[in-house]
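The file target_7.txt comes next; it holds compact mmCIF, C-alpha atoms and all ligand atoms.
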# COMPACT_ATOMS: atom_id res chain seq x y z
CA MET A 14 8.58 -21.52 -7.87
CA LYS A 15 9.23 -17.96 -6.88
CA TRP A 16 8.83 -16.10 -3.66
CA GLY A 17 6.70 -13.07 -3.86
CA LEU A 18 6.92 -10.18 -1.52
CA THR A 19 4.11 -7.80 -1.16
CA ASN A 20 2.68 -5.25 1.16
CA GLY A 21 -0.33 -7.18 2.18
CA GLY A 22 -0.08 -6.35 5.83
CA LYS A 23 1.55 -3.85 8.06
CA ALA A 24 4.91 -5.03 6.85
CA ALA A 25 5.36 -7.57 4.12
CA SER A 26 3.41 -10.54 2.89
CA PHE A 27 3.68 -13.46 0.54
CA HIS A 28 1.36 -14.57 -2.19
CA TYR A 29 0.73 -18.05 -3.33
CA SER A 30 -1.26 -18.56 -6.41
CA LEU A 31 -3.27 -21.49 -7.66
CA PHE A 32 -4.01 -20.55 -11.22
CA THR A 33 -1.84 -17.94 -12.75
CA ILE A 34 -2.01 -16.70 -16.28
CA HIS A 35 1.62 -17.18 -17.12
CA TYR A 36 2.61 -20.23 -15.18
CA SER A 37 1.20 -23.67 -14.61
CA LEU A 38 -1.14 -24.78 -11.87
CA PHE A 39 0.87 -24.42 -8.68
CA THR A 40 3.05 -21.40 -8.85
CA ILE A 41 3.63 -18.51 -6.56
CA HIS A 42 2.02 -15.37 -7.76
CA TYR A 43 4.75 -12.85 -7.88
CA SER A 44 3.32 -9.52 -7.10
CA LEU A 45 4.47 -6.32 -5.49
CA PHE A 46 1.44 -5.29 -3.62
CA THR A 47 -2.26 -5.71 -3.68
CA ILE A 48 -3.53 -2.87 -5.68
CA HIS A 49 -7.14 -3.85 -6.39
CA SER A 50 -10.22 -3.59 -4.28
CA PRO A 51 -12.51 -6.47 -5.13
CA VAL A 52 -15.89 -6.86 -3.48
CA PRO A 53 -15.05 -8.75 -0.33
CA THR A 54 -16.93 -11.58 1.30
CA ARG A 55 -14.96 -12.92 4.17
CA ASP A 56 -15.47 -15.97 6.32
CA THR A 57 -12.86 -17.10 8.74
CA ILE A 58 -12.20 -20.78 8.30
CA ILE A 59 -11.14 -22.60 11.40
CA SER A 60 -9.83 -26.05 10.68
CA ASN A 61 -7.24 -28.60 11.67
CA LEU A 62 -4.55 -26.37 10.21
CA PRO A 63 -2.09 -24.59 12.50
CA PHE A 64 -3.56 -21.27 11.37
CA THR A 65 -6.94 -19.84 10.49
CA TYR A 66 -7.62 -18.29 7.14
CA GLN A 67 -10.24 -16.24 5.37
CA ILE A 68 -11.72 -16.73 1.94
CA ARG A 69 -12.29 -13.58 0.00
CA ARG A 70 -14.34 -13.86 -3.16
CA SER A 71 -13.20 -11.48 -5.81
CA SER A 72 -15.01 -10.66 -9.02
CA ARG A 73 -11.69 -9.67 -10.50
CA ALA A 74 -9.67 -12.71 -9.55
CA THR A 75 -9.03 -15.04 -12.44
CA LYS A 76 -7.27 -17.51 -10.19
CA ALA A 77 -7.11 -18.48 -6.55
CA ARG A 78 -4.19 -17.34 -4.50
CA ILE A 79 -3.06 -17.47 -0.93
CA THR A 80 -1.97 -14.22 0.62
CA VAL A 81 0.01 -14.28 3.80
CA ALA A 82 0.44 -11.11 5.81
CA PRO A 83 1.82 -11.01 9.33
CA GLY A 84 -0.64 -13.03 11.38
CA LYS A 85 -3.16 -13.20 8.57
CA VAL A 86 -3.83 -15.78 5.88
CA GLN A 87 -6.30 -15.14 3.14
CA VAL A 88 -7.41 -17.02 0.04
CA VAL A 89 -8.55 -14.74 -2.72
CA ALA A 90 -10.61 -16.64 -5.25
CA PRO A 91 -13.11 -16.17 -8.05
CA ALA A 92 -16.67 -17.20 -7.23
CA GLY A 93 -16.45 -20.36 -9.34
CA ILE A 94 -14.08 -22.37 -7.16
CA ALA A 95 -15.75 -24.45 -4.44
CA GLU A 96 -14.75 -23.89 -0.84
CA ARG A 97 -13.60 -27.47 -0.36
CA THR A 98 -11.29 -27.15 -3.38
CA LEU A 99 -9.81 -24.05 -1.81
CA HIS A 100 -9.47 -25.82 1.50
CA ARG A 101 -7.57 -28.67 -0.14
CA PHE A 102 -5.33 -26.13 -1.79
CA VAL A 103 -4.57 -24.51 1.56
CA GLU A 104 -4.00 -27.90 3.16
CA GLN A 105 -1.53 -28.86 0.46
CA LYS A 106 0.31 -25.60 0.91
CA GLN A 107 0.21 -25.46 4.69
CA GLN A 108 3.93 -25.94 5.05
CA TRP A 109 4.55 -23.04 2.69
CA VAL A 110 2.07 -20.90 4.62
CA VAL A 111 3.68 -21.65 7.97
CA GLN A 112 7.11 -20.84 6.57
CA ALA A 113 5.82 -17.61 5.06
CA LEU A 114 4.22 -16.61 8.39
CA ASN A 115 7.48 -17.27 10.21
CA ARG A 116 9.56 -15.38 7.68
CA LEU A 117 7.20 -12.43 7.85
CA GLU A 118 7.27 -12.39 11.59
CA ALA A 119 11.07 -12.26 11.52
CA ARG A 120 10.95 -9.52 8.94
CA VAL A 121 8.51 -7.38 10.90
CA GLN A 122 10.84 -7.49 13.86
CA GLN A 123 13.79 -6.41 11.73
CA LEU A 124 11.99 -3.57 10.05
CA GLU A 125 12.85 -0.15 11.19
CA SER A 126 10.17 2.48 10.89
CA LEU A 127 10.84 5.66 8.95
CA ALA A 128 9.05 7.60 11.66
CA PRO A 129 10.90 9.36 14.45
CA GLU A 130 10.33 8.10 17.94
CA PHE A 131 9.14 11.48 19.15
CA TYR A 132 7.88 14.48 17.22
CA ILE A 133 10.01 17.04 18.94
CA ASP A 134 12.28 19.88 17.89
CA GLY A 135 15.12 18.45 15.80
CA ALA A 136 13.33 15.23 14.81
CA GLU A 137 13.71 14.00 11.23
CA ILE A 138 10.52 13.67 9.26
CA PRO A 139 10.33 11.45 6.17
CA TYR A 140 8.69 13.15 3.21
CA GLN A 141 8.94 12.56 -0.54
CA GLY A 142 11.90 10.22 -0.23
CA GLU A 143 13.94 12.63 1.91
CA ARG A 144 14.23 13.48 5.56
CA TYR A 145 13.43 16.95 6.81
CA ARG A 146 14.15 18.60 10.10
CA LEU A 147 11.24 19.42 12.38
CA ASN A 148 11.28 22.68 14.30
CA VAL A 149 8.81 23.38 17.05
CA MET A 150 7.90 27.00 17.77
CA PRO A 151 5.36 28.74 20.00
CA THR A 152 2.58 30.68 18.36
CA ARG A 153 -0.27 32.95 19.42
CA LEU A 154 -2.61 31.04 17.16
CA LYS A 155 -5.21 28.84 18.77
CA ARG A 156 -4.42 25.67 16.86
CA ILE A 157 -1.30 23.82 15.85
CA LYS A 158 -0.18 25.08 12.48
CA LEU A 159 2.21 23.29 10.20
CA GLU A 160 4.48 24.87 7.66
CA PHE A 161 6.88 23.36 5.19
CA SER A 162 9.73 24.96 3.29
CA ASP A 163 13.13 23.34 3.57
CA ARG A 164 11.97 21.87 6.87
CA PHE A 165 8.77 21.31 8.82
CA ILE A 166 7.78 23.92 11.34
CA ALA A 167 5.15 23.07 13.93
CA HIS A 168 3.69 26.16 15.55
CA ILE A 169 2.38 25.22 18.96
CA PRO A 170 -0.20 27.51 20.62
CA GLU A 171 1.19 29.15 23.74
CA THR A 172 -2.13 28.41 25.39
CA LEU A 173 -1.55 24.66 25.22
CA PRO A 174 -0.30 23.24 28.47
CA SER A 175 3.43 22.81 28.25
CA GLY A 176 4.78 19.32 28.08
CA ASP A 177 4.53 16.57 25.54
CA HIS A 178 3.14 17.74 22.20
CA SER A 179 4.60 14.87 20.23
CA GLU A 180 1.29 13.15 19.54
CA ALA A 181 -0.46 16.39 18.58
CA ILE A 182 2.36 17.29 16.19
CA ARG A 183 2.24 13.85 14.65
CA ASP A 184 -1.51 14.18 14.06
CA ALA A 185 -1.01 17.60 12.49
CA LEU A 186 1.72 16.23 10.21
CA ILE A 187 -0.48 13.37 9.07
CA ARG A 188 -3.34 15.76 8.32
CA TRP A 189 -0.99 17.99 6.39
CA MET A 190 0.45 15.09 4.41
CA LYS A 191 -2.96 13.75 3.48
CA VAL A 192 -3.92 17.10 2.00
CA ASP A 193 -0.60 17.24 0.21
CA ALA A 194 -1.03 13.67 -1.10
CA LYS A 195 -4.39 14.66 -2.58
CA LEU A 196 -2.89 17.68 -4.35
CA LYS A 197 -0.04 15.63 -5.74
CA THR A 198 -2.38 12.89 -6.93
CA GLU A 199 -4.43 15.51 -8.76
CA TYR A 200 -1.28 16.91 -10.26
CA TYR A 201 -0.15 13.53 -11.62
CA VAL A 202 -3.61 12.69 -12.89
CA GLU A 203 -3.64 16.01 -14.72
CA LYS A 204 -0.21 15.25 -16.14
CA HIS A 205 -1.04 11.78 -17.48
CA ALA A 206 -4.79 11.51 -17.95
CA HIS A 207 -5.04 13.32 -21.26
CA LYS A 208 -2.66 11.03 -23.12
CA TYR A 209 -5.11 8.15 -23.52
CA TRP A 210 -8.23 9.69 -22.03
CA LEU A 211 -7.73 8.01 -18.68
CA SER A 212 -10.00 10.22 -16.62
CA PRO A 213 -11.02 9.03 -13.18
CA ARG A 214 -14.48 9.84 -11.86
CA SER A 215 -13.06 10.79 -8.50
CA ILE A 216 -9.81 10.85 -6.61
CA SER A 217 -9.53 10.18 -2.93
CA ILE A 218 -6.86 9.58 -0.36
CA ARG A 219 -7.14 6.69 2.05
CA SER A 220 -5.36 5.23 5.01
CA GLN A 221 -4.79 1.65 4.03
CA LYS A 222 -2.65 -0.98 5.59
CA SER A 223 -2.21 -3.22 2.61
CA ARG A 224 -2.78 -1.27 -0.57
CA TRP A 225 -1.02 1.50 -2.37
CA GLY A 226 -3.92 2.29 -4.56
CA SER A 227 -7.01 1.01 -6.28
CA CYS A 228 -9.24 1.80 -9.20
CA GLY A 229 -12.91 0.89 -8.78
CA ILE A 230 -15.25 -0.27 -11.51
CA HIS A 231 -16.58 3.27 -11.91
CA ASN A 232 -13.05 4.60 -12.17
CA ASP A 233 -12.86 6.07 -8.71
CA ILE A 234 -9.22 6.18 -7.82
CA HIS A 235 -7.99 5.78 -4.26
CA LEU A 236 -4.45 6.37 -3.21
CA ASN A 237 -2.70 5.54 0.02
CA TRP A 238 -1.51 8.76 1.66
CA LEU A 239 1.68 7.02 2.86
CA LEU A 240 2.98 7.31 -0.68
CA ILE A 241 3.78 10.89 0.18
CA LEU A 242 6.71 9.49 2.17
CA ALA A 243 8.11 7.88 -0.99
CA PRO A 244 10.13 9.67 -3.68
CA PRO A 245 7.88 11.65 -6.07
CA GLU A 246 8.60 9.30 -8.99
CA VAL A 247 7.26 6.37 -6.96
CA PHE A 248 4.13 8.33 -6.08
CA GLU A 249 3.70 9.14 -9.76
CA TYR A 250 4.09 5.48 -10.71
CA VAL A 251 1.22 4.38 -8.45
CA VAL A 252 -1.05 7.11 -9.84
CA VAL A 253 -0.20 6.03 -13.39
CA HIS A 254 -0.72 2.38 -12.46
CA GLU A 255 -4.24 3.12 -11.27
CA LEU A 256 -5.02 5.38 -14.21
CA CYS A 257 -4.02 2.59 -16.59
CA HIS A 258 -6.57 0.30 -14.91
CA ILE A 259 -9.26 2.57 -16.32
CA LYS A 260 -8.34 1.11 -19.68
CA VAL A 261 -6.99 -2.33 -18.79
CA ARG A 262 -8.51 -4.02 -15.73
CA ASN A 263 -5.85 -6.65 -15.23
CA HIS A 264 -2.07 -6.94 -15.14
CA SER A 265 -1.64 -8.35 -18.63
CA SER A 266 1.26 -7.43 -20.87
CA ARG A 267 -1.08 -4.92 -22.50
CA PHE A 268 -1.47 -3.25 -19.14
CA TRP A 269 2.26 -2.99 -18.51
CA GLN A 270 2.77 -1.67 -22.02
CA LEU A 271 0.30 1.09 -21.27
CA VAL A 272 2.14 1.90 -18.04
CA ALA A 273 5.42 1.96 -19.97
CA ASP A 274 3.92 4.35 -22.53
CA HIS A 275 3.49 6.83 -19.70
CA LEU A 276 6.54 5.94 -17.66
CA PRO A 277 9.24 4.11 -19.62
CA ASP A 278 11.23 3.58 -16.41
CA TYR A 279 8.31 2.28 -14.37
CA ARG A 280 10.21 -0.88 -13.38
CA GLN A 281 12.71 1.06 -11.32
CA ARG A 282 9.93 2.93 -9.58
CA ARG A 283 8.11 -0.30 -8.92
CA ASN A 284 11.29 -1.86 -7.56
CA TRP A 285 11.66 0.94 -5.09
CA LEU A 286 8.24 0.10 -3.67
CA LYS A 287 9.11 -3.56 -3.62
CA GLU A 288 12.19 -2.90 -1.55
CA GLN A 289 11.04 -0.03 0.64
CA GLY A 290 7.28 -0.42 0.66
CA SER A 291 7.18 -2.39 3.88
CA ARG A 292 8.87 0.39 5.80
CA LEU A 293 6.56 2.91 4.22
CA MET A 294 3.53 0.91 5.32
CA MET A 295 4.68 1.25 8.92
CA GLY A 296 3.61 4.85 8.62
CA LEU A 297 4.35 7.85 10.78
ZN ZN T 301 -2.93 -3.03 -10.63

Would you give me this structure, written as structure tokens?
Amino acid sequence: MKWGLTNGGKAASFHYSLFTIHYSLFTIHYSLFTIHSPVPTRDTIISNLPFTYQIRRSSRATKARITVAPGKVQVVAPAGIAERTLHRFVEQKQQWVVQALNRLEARVQQLESLAPEFYIDGAEIPYQGERYRLNVMPTRLKRIKLEFSDRFIAHIPETLPSGDHSEAIRDALIRWMKVDAKLKTEYYVEKHAHKYWLSPRSISIRSQKSRWGSCGIHNDIHLNWLLILAPPEVFEYVVVHELCHIKVRNHSSRFWQLVADHLPDYRQRRNWLKEQGSRLMMGL
């Protein structure tokens, strides 16, 4: 058995898998993060267990697995497995689930956010795997304007009442980073799509608490804007990962080979997310 760490929740989460492709019946699905977006149907099951859980039916799931995020237990299963079978599975694994919940809780408390406490002059802003100084300056403009060169500059309208602008600056930074994340996604798609004709129908940026990216059945690619806080090579890896799902819809060895064709060092990039992803998910 292996422990799997993923970014299923605000911090980390564990996966437990019933039927995996590579292992026998009861193994832990070892996965970095949930990257798909199956069609969800969710019912909260309240039972004699010390926790409640939801069942999510997924057209893509080939096996049932238990996902534990802080305060949240979910069983992701293909349509074919009866609810009582899933319930038995959860019952059998309840000790594992409780342990995973406790471990996650401890982890959440240890995690330190990348975000500064206040968005004030001199604060350090995470961006593309580095930290940049924030300068706050008055401006005659009517709205907050953000600039980036070797640092972030927040121009604050003189007409704004003086005092705490931290929240407004934070909002402006997030808006700026979302736009930037979109541009960078387009750049990486452009860079890699032509190689094997992996052209998405659309590209969009989302705020997600548990996913880095997804590729829908019509090849619409969504990317989590928080990836802009990660080093560029990690950002690129997630874009390539989703692009490769246009051709291979699962995580088979064929899929990883395709990823490796684009990014021979993808494992290192993936490892970065595995280690740092939880902090990233905490956001700004
Ligand atoms: Zn994937």

Can you pull out every residue within 7 Å of Pro213 in chain A, counting all atoms listed in the file, but drop anything in the same chain fewer than 6 positions away, and send it as a list in words? Asn232, Asp233 and Ile234 of chain A

Need the shell around range 162-173 of chain A: protein/DNA/RNA residues with any atom at most 7 Å away, counting all atoms listed in the file. Skip same-chain ones fewer than 3 positions apart. Format as a ChimeraX atom specification? /A:145-159,182

Nearest candidate to His254 in chain A (options A:Tyr132, A:Trp109, A:Trp285, A:Tyr201; using only C-alpha atoms):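 So, comparing all the options, the nearest one is A:Tyr201.
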
Between A:Ile133, A:Val272, A:Leu239, A:Leu211, which residue has the minimum interatomic distance to ligand ZN 301 (chain T), considering all atoms listed in the file? A:Val272

Could you check how far atom ZN of ligand ZN 301 (chain T) sits from CA of Ala113 in chain A, in Å to one decimal? 23.1 Å

Give me the box for range 227-231 of chain A as JSON, namely the centre and edge lengths in Å to one decimal of a box along x, y and z that holds every listed atom plus 3 Å on each side.
{"center_x": -11.8, "center_y": 1.5, "center_z": -9.1, "size_x": 15.6, "size_y": 9.5, "size_z": 11.6}

Identify which of the residues A:Ala74, A:Met294, A:Val110, A:Leu99 lies closest to ligand ZN 301 (chain T), counting all atoms listed in the file when measuring atom-to-atom distances. A:Ala74

Could you check how far CA of Ser212 in chain A sits from CA of Ile259 in chain A, in Å to one decimal?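 These atoms are spaced 7.7 Å apart.
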
Non-local contacts of Val192 in chain A (12 Å; all atoms listed in the file; under 5 positions in same chain excluded) as an mmCIF file with C-alpha atoms, in the coordinates of the input:
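What follows is the written file part_24.cif:
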data_model
loop_
_atom_site.group_PDB
_atom_site.id
_atom_site.type_symbol
_atom_site.label_atom_id
_atom_site.label_comp_id
_atom_site.auth_asym_id
_atom_site.auth_seq_id
_atom_site.Cartn_x
_atom_site.Cartn_y
_atom_site.Cartn_z
ATOM 1 C CA LEU A 159 2.210 23.290 10.200
ATOM 2 C CA ALA A 185 -1.010 17.600 12.490
ATOM 3 C CA LEU A 186 1.720 16.230 10.210
ATOM 4 C CA ILE A 187 -0.480 13.370 9.070
ATOM 5 C CA LYS A 197 -0.040 15.630 -5.740
ATOM 6 C CA THR A 198 -2.380 12.890 -6.930
ATOM 7 C CA GLU A 199 -4.430 15.510 -8.760
ATOM 8 C CA SER A 217 -9.530 10.180 -2.930
ATOM 9 C CA ILE A 218 -6.860 9.580 -0.360
ATOM 10 C CA ARG A 219 -7.140 6.690 2.050
ATOM 11 C CA LEU A 236 -4.450 6.370 -3.210
ATOM 12 C CA ASN A 237 -2.700 5.540 0.020
ATOM 13 C CA TRP A 238 -1.510 8.760 1.660
ATOM 14 C CA LEU A 239 1.680 7.020 2.860
ATOM 15 C CA ILE A 241 3.780 10.890 0.180
#

Which of these, A:Gly142, A:Pro277, A:Gly226, A:Gly176, has the shortest distance to Val247 in chain A once you count all atoms listed in the file?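 Using all atoms listed in the file, the shortest distance to Val247 in chain A belongs to A:Gly142.
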
Of the candidates A:Asn61, A:Asn263, A:Gln122, A:Gln270, which one gets nearest to ligand ZN 301 (chain T) if we count all atoms listed in the file?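 The shortest atom-to-atom distance to ligand ZN 301 (chain T) comes from A:Asn263.
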
Using only C-alpha atoms and all ligand atoms, which of the listed residues (A:Glu130, A:Glu180, A:Glu96, A:Glu255) sits closest to ligand ZN 301 (chain T)?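 Comparing A:Glu130, A:Glu180, A:Glu96, A:Glu255 against ligand ZN 301 (chain T), the winner is A:Glu255.
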
What gap, in Å, lies between CA of Val121 in chain A and CA of Glu246 in chain A? 26.0 Å
